[in-house]
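Note: the block below is my_file.txt and it holds compact mmCIF, N, CA and C atoms.
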# COMPACT_ATOMS: atom_id res chain seq x y z
N MET I 1 3.95 -7.49 -7.78
CA MET I 1 2.95 -6.68 -7.17
C MET I 1 3.56 -5.32 -6.89
N GLY I 2 2.80 -4.27 -7.10
CA GLY I 2 3.33 -2.93 -6.88
C GLY I 2 2.48 -2.12 -5.91
N VAL I 3 3.14 -1.23 -5.23
CA VAL I 3 2.49 -0.25 -4.36
C VAL I 3 2.79 1.10 -4.98
N ARG I 4 1.75 1.81 -5.41
CA ARG I 4 1.91 3.13 -6.03
C ARG I 4 1.48 4.21 -5.06
N LEU I 5 2.30 5.26 -5.00
CA LEU I 5 1.97 6.42 -4.19
C LEU I 5 1.66 7.57 -5.13
N ALA I 6 0.61 8.31 -4.83
CA ALA I 6 0.24 9.46 -5.64
C ALA I 6 1.04 10.67 -5.19
N SER I 7 2.33 10.49 -5.06
CA SER I 7 3.23 11.55 -4.64
C SER I 7 3.69 12.34 -5.86
N THR I 8 4.37 13.43 -5.62
CA THR I 8 4.88 14.26 -6.71
C THR I 8 5.74 13.44 -7.66
N MET I 9 6.56 12.55 -7.11
CA MET I 9 7.47 11.74 -7.92
C MET I 9 6.83 10.43 -8.40
N GLY I 10 5.59 10.14 -7.96
CA GLY I 10 4.95 8.89 -8.36
C GLY I 10 5.71 7.68 -7.85
N ASP I 11 6.07 7.70 -6.57
CA ASP I 11 6.88 6.64 -5.98
C ASP I 11 6.20 5.27 -6.11
N VAL I 12 7.03 4.25 -6.27
CA VAL I 12 6.56 2.88 -6.42
C VAL I 12 7.41 1.96 -5.56
N LEU I 13 6.76 1.06 -4.85
CA LEU I 13 7.44 -0.04 -4.17
C LEU I 13 7.06 -1.30 -4.92
N SER I 14 8.00 -2.18 -5.12
CA SER I 14 7.75 -3.42 -5.84
C SER I 14 8.03 -4.60 -4.91
N VAL I 15 7.04 -5.50 -4.79
CA VAL I 15 7.22 -6.74 -4.05
C VAL I 15 7.64 -7.79 -5.06
N ARG I 16 8.78 -8.38 -4.83
CA ARG I 16 9.32 -9.37 -5.77
C ARG I 16 9.37 -10.73 -5.10
N ALA I 17 9.01 -11.75 -5.87
CA ALA I 17 9.01 -13.12 -5.36
C ALA I 17 9.78 -14.00 -6.33
N TRP I 18 10.48 -14.98 -5.78
CA TRP I 18 11.20 -15.92 -6.62
C TRP I 18 11.31 -17.27 -5.90
N SER I 19 11.43 -18.31 -6.71
CA SER I 19 11.58 -19.66 -6.17
C SER I 19 12.98 -19.81 -5.62
N ASP I 20 13.04 -20.32 -4.40
CA ASP I 20 14.32 -20.51 -3.71
C ASP I 20 14.32 -21.93 -3.14
N GLY I 21 14.51 -22.91 -4.02
CA GLY I 21 14.44 -24.30 -3.59
C GLY I 21 13.00 -24.67 -3.29
N GLU I 22 12.73 -25.13 -2.09
CA GLU I 22 11.38 -25.52 -1.67
C GLU I 22 10.54 -24.32 -1.22
N GLN I 23 11.14 -23.15 -1.11
CA GLN I 23 10.47 -21.96 -0.59
C GLN I 23 10.29 -20.90 -1.69
N ILE I 24 9.41 -19.96 -1.41
CA ILE I 24 9.29 -18.75 -2.22
C ILE I 24 9.85 -17.63 -1.36
N SER I 25 10.79 -16.88 -1.90
CA SER I 25 11.41 -15.78 -1.15
C SER I 25 10.84 -14.46 -1.65
N TYR I 26 10.82 -13.45 -0.76
CA TYR I 26 10.25 -12.14 -1.09
C TYR I 26 11.21 -11.04 -0.69
N ASN I 27 11.22 -9.98 -1.49
CA ASN I 27 11.86 -8.75 -1.07
C ASN I 27 11.05 -7.58 -1.61
N VAL I 28 11.33 -6.40 -1.08
CA VAL I 28 10.62 -5.19 -1.47
C VAL I 28 11.66 -4.15 -1.82
N VAL I 29 11.52 -3.55 -2.99
CA VAL I 29 12.45 -2.51 -3.44
C VAL I 29 11.64 -1.30 -3.92
N ASP I 30 12.29 -0.14 -3.90
CA ASP I 30 11.66 1.04 -4.47
C ASP I 30 12.28 1.33 -5.83
N GLU I 31 11.84 2.42 -6.45
CA GLU I 31 12.30 2.71 -7.81
C GLU I 31 13.77 3.10 -7.87
N TYR I 32 14.37 3.34 -6.70
CA TYR I 32 15.80 3.69 -6.64
C TYR I 32 16.64 2.49 -6.20
N ASP I 33 16.04 1.30 -6.23
CA ASP I 33 16.66 0.05 -5.78
C ASP I 33 16.97 0.04 -4.30
N GLY I 34 16.29 0.90 -3.54
CA GLY I 34 16.38 0.81 -2.08
C GLY I 34 15.63 -0.42 -1.63
N GLU I 35 16.20 -1.17 -0.71
CA GLU I 35 15.57 -2.41 -0.25
C GLU I 35 14.93 -2.20 1.11
N PHE I 36 13.79 -2.87 1.31
CA PHE I 36 13.05 -2.82 2.56
C PHE I 36 12.85 -4.24 3.07
N GLU I 37 12.84 -4.40 4.36
CA GLU I 37 12.65 -5.71 4.99
C GLU I 37 11.16 -6.04 4.99
N PRO I 38 10.71 -7.06 4.24
CA PRO I 38 9.29 -7.39 4.23
C PRO I 38 8.85 -8.06 5.53
N GLY I 39 7.56 -7.97 5.82
CA GLY I 39 7.01 -8.61 7.01
C GLY I 39 7.02 -10.13 6.91
N ILE I 40 7.06 -10.66 5.71
CA ILE I 40 7.20 -12.10 5.47
C ILE I 40 8.33 -12.27 4.47
N ARG I 41 9.32 -13.07 4.82
CA ARG I 41 10.48 -13.24 3.94
C ARG I 41 10.39 -14.47 3.05
N THR I 42 9.73 -15.54 3.53
CA THR I 42 9.61 -16.77 2.75
C THR I 42 8.26 -17.42 3.03
N SER I 43 7.84 -18.27 2.11
CA SER I 43 6.64 -19.08 2.31
C SER I 43 6.78 -20.35 1.49
N ALA I 44 6.01 -21.36 1.88
CA ALA I 44 6.02 -22.61 1.13
C ALA I 44 5.07 -22.54 -0.06
N GLN I 45 4.02 -21.73 0.04
CA GLN I 45 3.01 -21.57 -1.00
C GLN I 45 2.91 -20.08 -1.37
N PRO I 46 2.33 -19.75 -2.53
CA PRO I 46 2.11 -18.33 -2.84
C PRO I 46 1.27 -17.68 -1.74
N LEU I 47 1.54 -16.41 -1.49
CA LEU I 47 0.84 -15.71 -0.42
C LEU I 47 -0.61 -15.43 -0.77
N THR I 48 -1.46 -15.48 0.23
CA THR I 48 -2.85 -15.05 0.07
C THR I 48 -2.88 -13.53 0.13
N GLY I 49 -4.02 -12.93 -0.20
CA GLY I 49 -4.17 -11.49 -0.08
C GLY I 49 -3.93 -11.01 1.34
N HIS I 50 -4.44 -11.75 2.33
CA HIS I 50 -4.22 -11.40 3.73
C HIS I 50 -2.74 -11.42 4.08
N GLU I 51 -2.03 -12.43 3.59
CA GLU I 51 -0.59 -12.54 3.87
C GLU I 51 0.20 -11.43 3.18
N ILE I 52 -0.24 -11.01 1.98
CA ILE I 52 0.44 -9.88 1.33
C ILE I 52 0.29 -8.63 2.18
N GLY I 53 -0.91 -8.43 2.73
CA GLY I 53 -1.11 -7.31 3.64
C GLY I 53 -0.17 -7.39 4.83
N LYS I 54 0.01 -8.57 5.37
CA LYS I 54 0.93 -8.77 6.49
C LYS I 54 2.37 -8.48 6.07
N LEU I 55 2.74 -8.93 4.86
CA LEU I 55 4.08 -8.65 4.34
C LEU I 55 4.31 -7.14 4.24
N LEU I 56 3.32 -6.41 3.68
CA LEU I 56 3.46 -4.97 3.51
C LEU I 56 3.43 -4.22 4.84
N ARG I 57 2.51 -4.59 5.71
CA ARG I 57 2.40 -3.90 7.00
C ARG I 57 3.61 -4.17 7.88
N GLY I 58 4.34 -5.24 7.61
CA GLY I 58 5.51 -5.56 8.41
C GLY I 58 6.78 -4.86 7.97
N ILE I 59 6.72 -4.06 6.89
CA ILE I 59 7.92 -3.34 6.44
C ILE I 59 8.20 -2.21 7.43
N PRO I 60 9.36 -2.22 8.06
CA PRO I 60 9.64 -1.16 9.04
C PRO I 60 9.93 0.18 8.37
N SER I 61 9.57 1.23 9.06
CA SER I 61 9.88 2.59 8.59
C SER I 61 11.38 2.81 8.64
N THR I 62 11.86 3.69 7.81
CA THR I 62 13.27 4.06 7.87
C THR I 62 13.49 5.16 8.90
N VAL I 63 12.39 5.68 9.49
CA VAL I 63 12.48 6.79 10.42
C VAL I 63 12.42 6.34 11.87
N ASP I 64 11.51 5.42 12.21
CA ASP I 64 11.37 4.96 13.58
C ASP I 64 10.86 3.53 13.58
N ASP I 65 10.28 3.09 14.69
CA ASP I 65 9.91 1.67 14.81
C ASP I 65 8.49 1.36 14.35
N ARG I 66 7.83 2.29 13.68
CA ARG I 66 6.50 2.02 13.14
C ARG I 66 6.62 1.33 11.78
N PRO I 67 5.53 0.69 11.32
CA PRO I 67 5.56 0.15 9.96
C PRO I 67 5.64 1.27 8.93
N LEU I 68 6.28 1.01 7.82
CA LEU I 68 6.43 1.98 6.73
C LEU I 68 5.08 2.52 6.27
N PHE I 69 4.05 1.67 6.23
CA PHE I 69 2.75 2.12 5.75
C PHE I 69 2.17 3.23 6.62
N HIS I 70 2.52 3.27 7.88
CA HIS I 70 2.06 4.38 8.73
C HIS I 70 2.63 5.71 8.23
N ASP I 71 3.85 5.68 7.68
CA ASP I 71 4.43 6.91 7.13
C ASP I 71 3.59 7.43 5.97
N PHE I 72 2.97 6.52 5.20
CA PHE I 72 2.12 6.93 4.09
C PHE I 72 0.82 7.55 4.58
N PHE I 73 0.25 6.99 5.65
CA PHE I 73 -1.06 7.40 6.11
C PHE I 73 -1.06 8.49 7.18
N GLU I 74 0.01 8.60 7.95
CA GLU I 74 0.00 9.52 9.08
C GLU I 74 -0.28 10.97 8.69
N PRO I 75 0.27 11.50 7.58
CA PRO I 75 -0.06 12.89 7.23
C PRO I 75 -1.56 13.12 7.07
N MET I 76 -2.29 12.11 6.64
CA MET I 76 -3.73 12.25 6.49
C MET I 76 -4.41 12.39 7.84
N ALA I 77 -3.91 11.69 8.86
CA ALA I 77 -4.51 11.78 10.19
C ALA I 77 -4.24 13.14 10.80
N ASP I 78 -3.11 13.74 10.47
CA ASP I 78 -2.76 15.05 11.01
C ASP I 78 -3.49 16.19 10.32
N ASP I 79 -3.99 15.96 9.12
CA ASP I 79 -4.65 17.00 8.34
C ASP I 79 -6.03 16.50 7.93
N PRO I 80 -7.09 16.92 8.65
CA PRO I 80 -8.44 16.41 8.37
C PRO I 80 -8.90 16.63 6.92
N ASP I 81 -8.37 17.65 6.24
CA ASP I 81 -8.75 17.89 4.85
C ASP I 81 -8.17 16.84 3.91
N ARG I 82 -7.15 16.10 4.37
CA ARG I 82 -6.51 15.10 3.51
C ARG I 82 -6.97 13.68 3.81
N ILE I 83 -7.81 13.49 4.83
CA ILE I 83 -8.24 12.13 5.16
C ILE I 83 -9.06 11.59 4.01
N GLU I 84 -8.61 10.51 3.44
CA GLU I 84 -9.30 9.89 2.32
C GLU I 84 -10.33 8.92 2.85
N SER I 85 -11.35 8.70 2.07
CA SER I 85 -12.37 7.74 2.50
C SER I 85 -11.85 6.32 2.27
N PRO I 86 -12.27 5.39 3.11
CA PRO I 86 -11.90 3.99 2.85
C PRO I 86 -12.36 3.53 1.47
N GLU I 87 -13.46 4.13 0.97
CA GLU I 87 -13.95 3.76 -0.37
C GLU I 87 -12.96 4.18 -1.45
N SER I 88 -12.34 5.37 -1.30
CA SER I 88 -11.35 5.79 -2.30
C SER I 88 -10.11 4.92 -2.21
N VAL I 89 -9.77 4.49 -0.98
CA VAL I 89 -8.64 3.57 -0.82
C VAL I 89 -8.96 2.25 -1.52
N ALA I 90 -10.17 1.73 -1.29
CA ALA I 90 -10.56 0.45 -1.90
C ALA I 90 -10.57 0.53 -3.42
N ALA I 91 -10.95 1.69 -3.96
CA ALA I 91 -11.01 1.85 -5.41
C ALA I 91 -9.65 2.12 -6.03
N GLY I 92 -8.61 2.23 -5.20
CA GLY I 92 -7.28 2.51 -5.72
C GLY I 92 -7.13 3.96 -6.13
N GLN I 93 -7.98 4.85 -5.63
CA GLN I 93 -7.94 6.26 -6.00
C GLN I 93 -7.38 7.10 -4.86
N ALA I 94 -6.65 6.50 -3.98
CA ALA I 94 -6.12 7.19 -2.81
C ALA I 94 -4.62 7.42 -3.00
N PHE I 95 -4.00 8.00 -2.00
CA PHE I 95 -2.56 8.24 -2.05
C PHE I 95 -1.79 6.93 -2.23
N VAL I 96 -2.25 5.88 -1.58
CA VAL I 96 -1.62 4.56 -1.68
C VAL I 96 -2.56 3.64 -2.44
N SER I 97 -2.06 2.98 -3.48
CA SER I 97 -2.86 1.95 -4.15
C SER I 97 -1.99 0.74 -4.44
N LEU I 98 -2.62 -0.41 -4.40
CA LEU I 98 -1.92 -1.68 -4.62
C LEU I 98 -2.34 -2.23 -5.97
N GLU I 99 -1.37 -2.77 -6.70
CA GLU I 99 -1.65 -3.34 -8.02
C GLU I 99 -1.07 -4.74 -8.10
N SER I 100 -1.94 -5.70 -8.42
CA SER I 100 -1.48 -7.07 -8.55
C SER I 100 -2.41 -7.80 -9.50
N GLY I 101 -1.86 -8.42 -10.52
CA GLY I 101 -2.65 -9.24 -11.42
C GLY I 101 -3.11 -10.52 -10.75
N PHE I 102 -2.36 -10.98 -9.77
CA PHE I 102 -2.67 -12.24 -9.08
C PHE I 102 -3.68 -12.03 -7.96
N HIS I 103 -3.68 -10.83 -7.34
CA HIS I 103 -4.57 -10.51 -6.22
C HIS I 103 -5.31 -9.21 -6.51
N PRO I 104 -6.37 -9.25 -7.33
CA PRO I 104 -7.06 -8.01 -7.68
C PRO I 104 -7.82 -7.36 -6.53
N ASP I 105 -7.98 -8.06 -5.40
CA ASP I 105 -8.76 -7.54 -4.28
C ASP I 105 -7.91 -6.87 -3.20
N LEU I 106 -6.69 -6.51 -3.52
CA LEU I 106 -5.81 -5.95 -2.49
C LEU I 106 -6.23 -4.57 -2.01
N ASN I 107 -6.75 -3.71 -2.87
CA ASN I 107 -7.15 -2.38 -2.41
C ASN I 107 -8.28 -2.45 -1.38
N PRO I 108 -9.30 -3.29 -1.54
CA PRO I 108 -10.28 -3.40 -0.45
C PRO I 108 -9.65 -3.88 0.86
N ARG I 109 -8.66 -4.77 0.77
CA ARG I 109 -7.98 -5.20 2.00
C ARG I 109 -7.21 -4.04 2.63
N LEU I 110 -6.57 -3.24 1.78
CA LEU I 110 -5.88 -2.06 2.28
C LEU I 110 -6.88 -1.11 2.93
N ALA I 111 -8.07 -0.99 2.35
CA ALA I 111 -9.10 -0.12 2.91
C ALA I 111 -9.51 -0.60 4.30
N GLU I 112 -9.64 -1.92 4.48
CA GLU I 112 -9.98 -2.46 5.81
C GLU I 112 -8.90 -2.10 6.81
N TRP I 113 -7.65 -2.29 6.42
CA TRP I 113 -6.55 -1.97 7.31
C TRP I 113 -6.51 -0.47 7.60
N TYR I 114 -6.76 0.35 6.59
CA TYR I 114 -6.78 1.80 6.75
C TYR I 114 -7.88 2.22 7.73
N ARG I 115 -9.06 1.60 7.62
CA ARG I 115 -10.15 1.90 8.56
C ARG I 115 -9.69 1.65 10.00
N GLU I 116 -9.08 0.49 10.22
CA GLU I 116 -8.60 0.15 11.57
C GLU I 116 -7.54 1.15 12.03
N TRP I 117 -6.62 1.48 11.15
CA TRP I 117 -5.55 2.41 11.49
C TRP I 117 -6.12 3.79 11.79
N LEU I 118 -7.06 4.25 10.97
CA LEU I 118 -7.65 5.57 11.15
C LEU I 118 -8.40 5.64 12.48
N GLU I 119 -9.12 4.60 12.82
CA GLU I 119 -9.83 4.56 14.11
C GLU I 119 -8.85 4.66 15.27
N LEU I 120 -7.72 3.96 15.17
CA LEU I 120 -6.68 4.07 16.20
C LEU I 120 -6.17 5.50 16.33
N GLN I 121 -5.92 6.14 15.19
CA GLN I 121 -5.42 7.52 15.20
C GLN I 121 -6.44 8.47 15.84
N ARG I 122 -7.71 8.29 15.49
CA ARG I 122 -8.75 9.15 16.04
C ARG I 122 -8.90 8.93 17.54
N ASN I 123 -8.81 7.67 17.99
CA ASN I 123 -8.90 7.39 19.43
C ASN I 123 -7.73 8.00 20.19
N ARG I 124 -6.55 7.96 19.61
CA ARG I 124 -5.38 8.56 20.26
C ARG I 124 -5.50 10.07 20.36
N ALA I 125 -6.12 10.69 19.33
CA ALA I 125 -6.24 12.13 19.31
C ALA I 125 -7.39 12.65 20.17
N ALA I 126 -8.34 11.76 20.51
CA ALA I 126 -9.50 12.18 21.28
C ALA I 126 -9.08 12.58 22.69
N PRO I 127 -9.66 13.68 23.21
CA PRO I 127 -9.34 14.10 24.58
C PRO I 127 -9.78 13.04 25.58
N ARG I 128 -8.98 12.85 26.56
CA ARG I 128 -9.28 11.86 27.61
C ARG I 128 -9.91 12.59 28.78
N GLY I 129 -10.96 12.00 29.32
CA GLY I 129 -11.67 12.69 30.39
C GLY I 129 -11.60 12.05 31.71

For this file, write the structure as structure tokens.
Amino acid sequence: MGVRLASTMGDVLSVRAWSDGEQISYNVVDEYDGEFEPGIRTSAQPLTGHEIGKLLRGIPSTVDDRPLFHDFFEPMADDPDRIESPESVAAGQAFVSLESGFHPDLNPRLAEWYREWLELQRNRAAPRG
């Protein structure tokens, strides 16, 4: 499964799975072989789409204690002209898109998570009275 970023360099994160005895083990690497700690390291069965979302959202940022995916989305919250619609996220036409032959519905799941995240960002930015 891959995570593609529409960045200048076309960055890609790859989720890799392999059989490890009775378990399936997972790791996440980028195109430079940098490794990231996944939110789920092992499972007894193949992951569901929801669990893949949990695995991805659990990857810590290399900058602070937020999930790595917030690093992808936060610039959009800071710049209203760059906020993508959840529909473009679901269609895989956004800055972040997920590709999986086994889980073709991952982009709509990402869009749901993005909606929740965007609402949190907007609530935090709203003036308190």

> Which residue, I:Val28, I:Val96, I:Leu47, I:Leu110, has the smallest gap to Phe72 in chain I when you use only N, CA and C atoms?
Replying inline: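 Under the stated criterion, the closest residue is I:Val96.
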
>> Let's see if you can do this: from backbone DSSP, list all strand (DSSP E or B) residues in range 14-46 of chain I, as a PyMOL selection string.
In response: chain I and resi 14-20+23-30+35-36+42-43

> Excluding same-chain residues fewer than 2 positions from Glu99 in chain I, what lies within 7 Å of it counting only C-alpha atoms, as a list in words?
Replying inline: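 Skipping anything fewer than 2 positions along the chain leaves Met1, Gly2, Val3, Ser97 and Gly101 of chain I.
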
Generate the output file for the selected residues, N, CA and C atoms, as an mmCIF file, in the coordinates of the input.
data_model
loop_
_atom_site.group_PDB
_atom_site.id
_atom_site.type_symbol
_atom_site.label_atom_id
_atom_site.label_comp_id
_atom_site.auth_asym_id
_atom_site.auth_seq_id
_atom_site.Cartn_x
_atom_site.Cartn_y
_atom_site.Cartn_z
ATOM 1 N N MET I 1 3.950 -7.490 -7.780
ATOM 2 C CA MET I 1 2.950 -6.680 -7.170
ATOM 3 C C MET I 1 3.560 -5.320 -6.890
ATOM 4 N N GLY I 2 2.800 -4.270 -7.100
ATOM 5 C CA GLY I 2 3.330 -2.930 -6.880
ATOM 6 C C GLY I 2 2.480 -2.120 -5.910
ATOM 7 N N VAL I 3 3.140 -1.230 -5.230
ATOM 8 C CA VAL I 3 2.490 -0.250 -4.360
ATOM 9 C C VAL I 3 2.790 1.100 -4.980
ATOM 10 N N SER I 97 -2.060 2.980 -3.480
ATOM 11 C CA SER I 97 -2.860 1.950 -4.150
ATOM 12 C C SER I 97 -1.990 0.740 -4.440
ATOM 13 N N GLY I 101 -1.860 -8.420 -10.520
ATOM 14 C CA GLY I 101 -2.650 -9.240 -11.420
ATOM 15 C C GLY I 101 -3.110 -10.520 -10.750
#

>> Residues within 9 Å of Val12 in chain I, please, as an NGL selection string. Count only C-alpha atoms; anything in the same chain fewer than 3 positions from it doesn't count.
In response: :I and (2-5 or 29-31)

Using N, CA and C atoms, can you write the selected residues to a file as a short mmCIF file (atom, residue, chain, number, x, y, z; two decimals), in the frame of the given file?
data_model
loop_
_atom_site.label_atom_id
_atom_site.label_comp_id
_atom_site.auth_asym_id
_atom_site.auth_seq_id
_atom_site.Cartn_x
_atom_site.Cartn_y
_atom_site.Cartn_z
N GLY I 2 2.80 -4.27 -7.10
CA GLY I 2 3.33 -2.93 -6.88
C GLY I 2 2.48 -2.12 -5.91
N VAL I 3 3.14 -1.23 -5.23
CA VAL I 3 2.49 -0.25 -4.36
C VAL I 3 2.79 1.10 -4.98
N ARG I 4 1.75 1.81 -5.41
CA ARG I 4 1.91 3.13 -6.03
C ARG I 4 1.48 4.21 -5.06
N LEU I 5 2.30 5.26 -5.00
CA LEU I 5 1.97 6.42 -4.19
C LEU I 5 1.66 7.57 -5.13
N VAL I 29 11.52 -3.55 -2.99
CA VAL I 29 12.45 -2.51 -3.44
C VAL I 29 11.64 -1.30 -3.92
N ASP I 30 12.29 -0.14 -3.90
CA ASP I 30 11.66 1.04 -4.47
C ASP I 30 12.28 1.33 -5.83
N GLU I 31 11.84 2.42 -6.45
CA GLU I 31 12.30 2.71 -7.81
C GLU I 31 13.77 3.10 -7.87
#

> Between I:Ser100, I:Leu120, I:Ile24, I:Lys54, which has the minimum distance to Thr42 in chain I (counting all atoms listed in the file)?
Replying inline: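 Among I:Ser100, I:Leu120, I:Ile24, I:Lys54, it is I:Ile24 that comes nearest to Thr42 in chain I.
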
>> When you look at Ala6 in chain I with a cut-off of 9 Å (counting only C-alpha atoms), what residues show up, excluding the ones that are within fewer than 4 positions of it in the same chain? I need them as a PyMOL selection string.
In response: chain I and resi 10-11+93-97

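By chain and then residue number, the residues within 10 Å of Tyr114 in chain I are Phe69, His70, Phe73, Glu84, Ser85, Pro86, Val89, Ala90, Pro108, Arg109, Leu110, Ala111, Glu112, Glu116, Trp117, Leu118, Glu119 and Leu120 of chain I, counting only C-alpha atoms and disregarding those fewer than 2 positions away in sequence.
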
For those residues, write N, CA and C atoms to a file as a PDB file, in the frame of the given file.
ATOM      1  N   PHE I  69       4.050   1.670   6.230  1.00  0.00           N
ATOM      2  CA  PHE I  69       2.750   2.120   5.750  1.00  0.00           C
ATOM      3  C   PHE I  69       2.170   3.230   6.620  1.00  0.00           C
ATOM      4  N   HIS I  70       2.520   3.270   7.880  1.00  0.00           N
ATOM      5  CA  HIS I  70       2.060   4.380   8.730  1.00  0.00           C
ATOM      6  C   HIS I  70       2.630   5.710   8.230  1.00  0.00           C
ATOM      7  N   PHE I  73       0.250   6.990   5.650  1.00  0.00           N
ATOM      8  CA  PHE I  73      -1.060   7.400   6.110  1.00  0.00           C
ATOM      9  C   PHE I  73      -1.060   8.490   7.180  1.00  0.00           C
ATOM     10  N   GLU I  84      -8.610  10.510   3.440  1.00  0.00           N
ATOM     11  CA  GLU I  84      -9.300   9.890   2.320  1.00  0.00           C
ATOM     12  C   GLU I  84     -10.330   8.920   2.850  1.00  0.00           C
ATOM     13  N   SER I  85     -11.350   8.700   2.070  1.00  0.00           N
ATOM     14  CA  SER I  85     -12.370   7.740   2.500  1.00  0.00           C
ATOM     15  C   SER I  85     -11.850   6.320   2.270  1.00  0.00           C
ATOM     16  N   PRO I  86     -12.270   5.390   3.110  1.00  0.00           N
ATOM     17  CA  PRO I  86     -11.900   3.990   2.850  1.00  0.00           C
ATOM     18  C   PRO I  86     -12.360   3.530   1.470  1.00  0.00           C
ATOM     19  N   VAL I  89      -9.770   4.490  -0.980  1.00  0.00           N
ATOM     20  CA  VAL I  89      -8.640   3.570  -0.820  1.00  0.00           C
ATOM     21  C   VAL I  89      -8.960   2.250  -1.520  1.00  0.00           C
ATOM     22  N   ALA I  90     -10.170   1.730  -1.290  1.00  0.00           N
ATOM     23  CA  ALA I  90     -10.560   0.450  -1.900  1.00  0.00           C
ATOM     24  C   ALA I  90     -10.570   0.530  -3.420  1.00  0.00           C
ATOM     25  N   PRO I 108      -9.300  -3.290  -1.540  1.00  0.00           N
ATOM     26  CA  PRO I 108     -10.280  -3.400  -0.450  1.00  0.00           C
ATOM     27  C   PRO I 108      -9.650  -3.880   0.860  1.00  0.00           C
ATOM     28  N   ARG I 109      -8.660  -4.770   0.770  1.00  0.00           N
ATOM     29  CA  ARG I 109      -7.980  -5.200   2.000  1.00  0.00           C
ATOM     30  C   ARG I 109      -7.210  -4.040   2.630  1.00  0.00           C
ATOM     31  N   LEU I 110      -6.570  -3.240   1.780  1.00  0.00           N
ATOM     32  CA  LEU I 110      -5.880  -2.060   2.280  1.00  0.00           C
ATOM     33  C   LEU I 110      -6.880  -1.110   2.930  1.00  0.00           C
ATOM     34  N   ALA I 111      -8.070  -0.990   2.350  1.00  0.00           N
ATOM     35  CA  ALA I 111      -9.100  -0.120   2.910  1.00  0.00           C
ATOM     36  C   ALA I 111      -9.510  -0.600   4.300  1.00  0.00           C
ATOM     37  N   GLU I 112      -9.640  -1.920   4.480  1.00  0.00           N
ATOM     38  CA  GLU I 112      -9.980  -2.460   5.810  1.00  0.00           C
ATOM     39  C   GLU I 112      -8.900  -2.100   6.810  1.00  0.00           C
ATOM     40  N   GLU I 116      -9.080   0.490  10.220  1.00  0.00           N
ATOM     41  CA  GLU I 116      -8.600   0.150  11.570  1.00  0.00           C
ATOM     42  C   GLU I 116      -7.540   1.150  12.030  1.00  0.00           C
ATOM     43  N   TRP I 117      -6.620   1.480  11.150  1.00  0.00           N
ATOM     44  CA  TRP I 117      -5.550   2.410  11.490  1.00  0.00           C
ATOM     45  C   TRP I 117      -6.120   3.790  11.790  1.00  0.00           C
ATOM     46  N   LEU I 118      -7.060   4.250  10.970  1.00  0.00           N
ATOM     47  CA  LEU I 118      -7.650   5.570  11.150  1.00  0.00           C
ATOM     48  C   LEU I 118      -8.400   5.640  12.480  1.00  0.00           C
ATOM     49  N   GLU I 119      -9.120   4.600  12.820  1.00  0.00           N
ATOM     50  CA  GLU I 119      -9.830   4.560  14.110  1.00  0.00           C
ATOM     51  C   GLU I 119      -8.850   4.660  15.270  1.00  0.00           C
ATOM     52  N   LEU I 120      -7.720   3.960  15.170  1.00  0.00           N
ATOM     53  CA  LEU I 120      -6.680   4.070  16.200  1.00  0.00           C
ATOM     54  C   LEU I 120      -6.170   5.500  16.330  1.00  0.00           C
TER      55      LEU I 120
END

> Any idea what's packed within 6.5 Å of Pro60 in chain I, counting only N, CA and C atoms, ignoring anything in its chain fewer than 4 positions away? Could you give it as number ranges by chain?
Replying inline: I: 36-39, 64-69

>> Given the point (9.6, -19.9, 3.2) in the file's coordinates, find the residues that have an atom at most 10 Å from it, counting only C-alpha atoms, and give them as a PyMOL selection string.
In response: chain I and resi 19-26+40-46

>> If you run DSSP on the backbone here, which positions in chain I get helix (DSSP H, G or I)? Please write them as a ChimeraX atom specification.
In response: /I:49-57,68-78,80-82,86-90,106-125

> Given the choices I:Gln121, I:Ser88, I:Val15, I:Met9, which gets closest to Asn107 in chain I if the distance is worked out from all atoms listed in the file?
Replying inline: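 Going through I:Gln121, I:Ser88, I:Val15, I:Met9 one by one, the smallest distance to Asn107 in chain I is for I:Ser88.
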
> Do you have the atom N of Gly34 in chain I-atom N of Ile59 in chain I distance handy?
Replying inline: 15.0 Å

>> With distances taken over only C-alpha atoms, which residue among I:Ala125, I:Asn27, I:Gly92, I:Ala17 lies nearest Gly58 in chain I?
In response: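 Going through I:Ala125, I:Asn27, I:Gly92, I:Ala17 one by one, the smallest distance to Gly58 in chain I is for I:Asn27.
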
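Considering the residues I:Asp71, I:Trp113, I:Leu13, I:His103 and counting only C-alpha atoms, Tyr32 in chain I has its shortest atom-to-atom contact with I:Leu13.
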
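Closest approach to Leu106 in chain I among I:Arg122, I:His50, I:Arg16, I:Leu55 is made by I:His50 (distances from only C-alpha atoms).
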
> Can you tell me how far atom N of Pro104 in chain I sits from CA of Gly49 in chain I, in Å to one decimal?
Replying inline: 7.9 Å
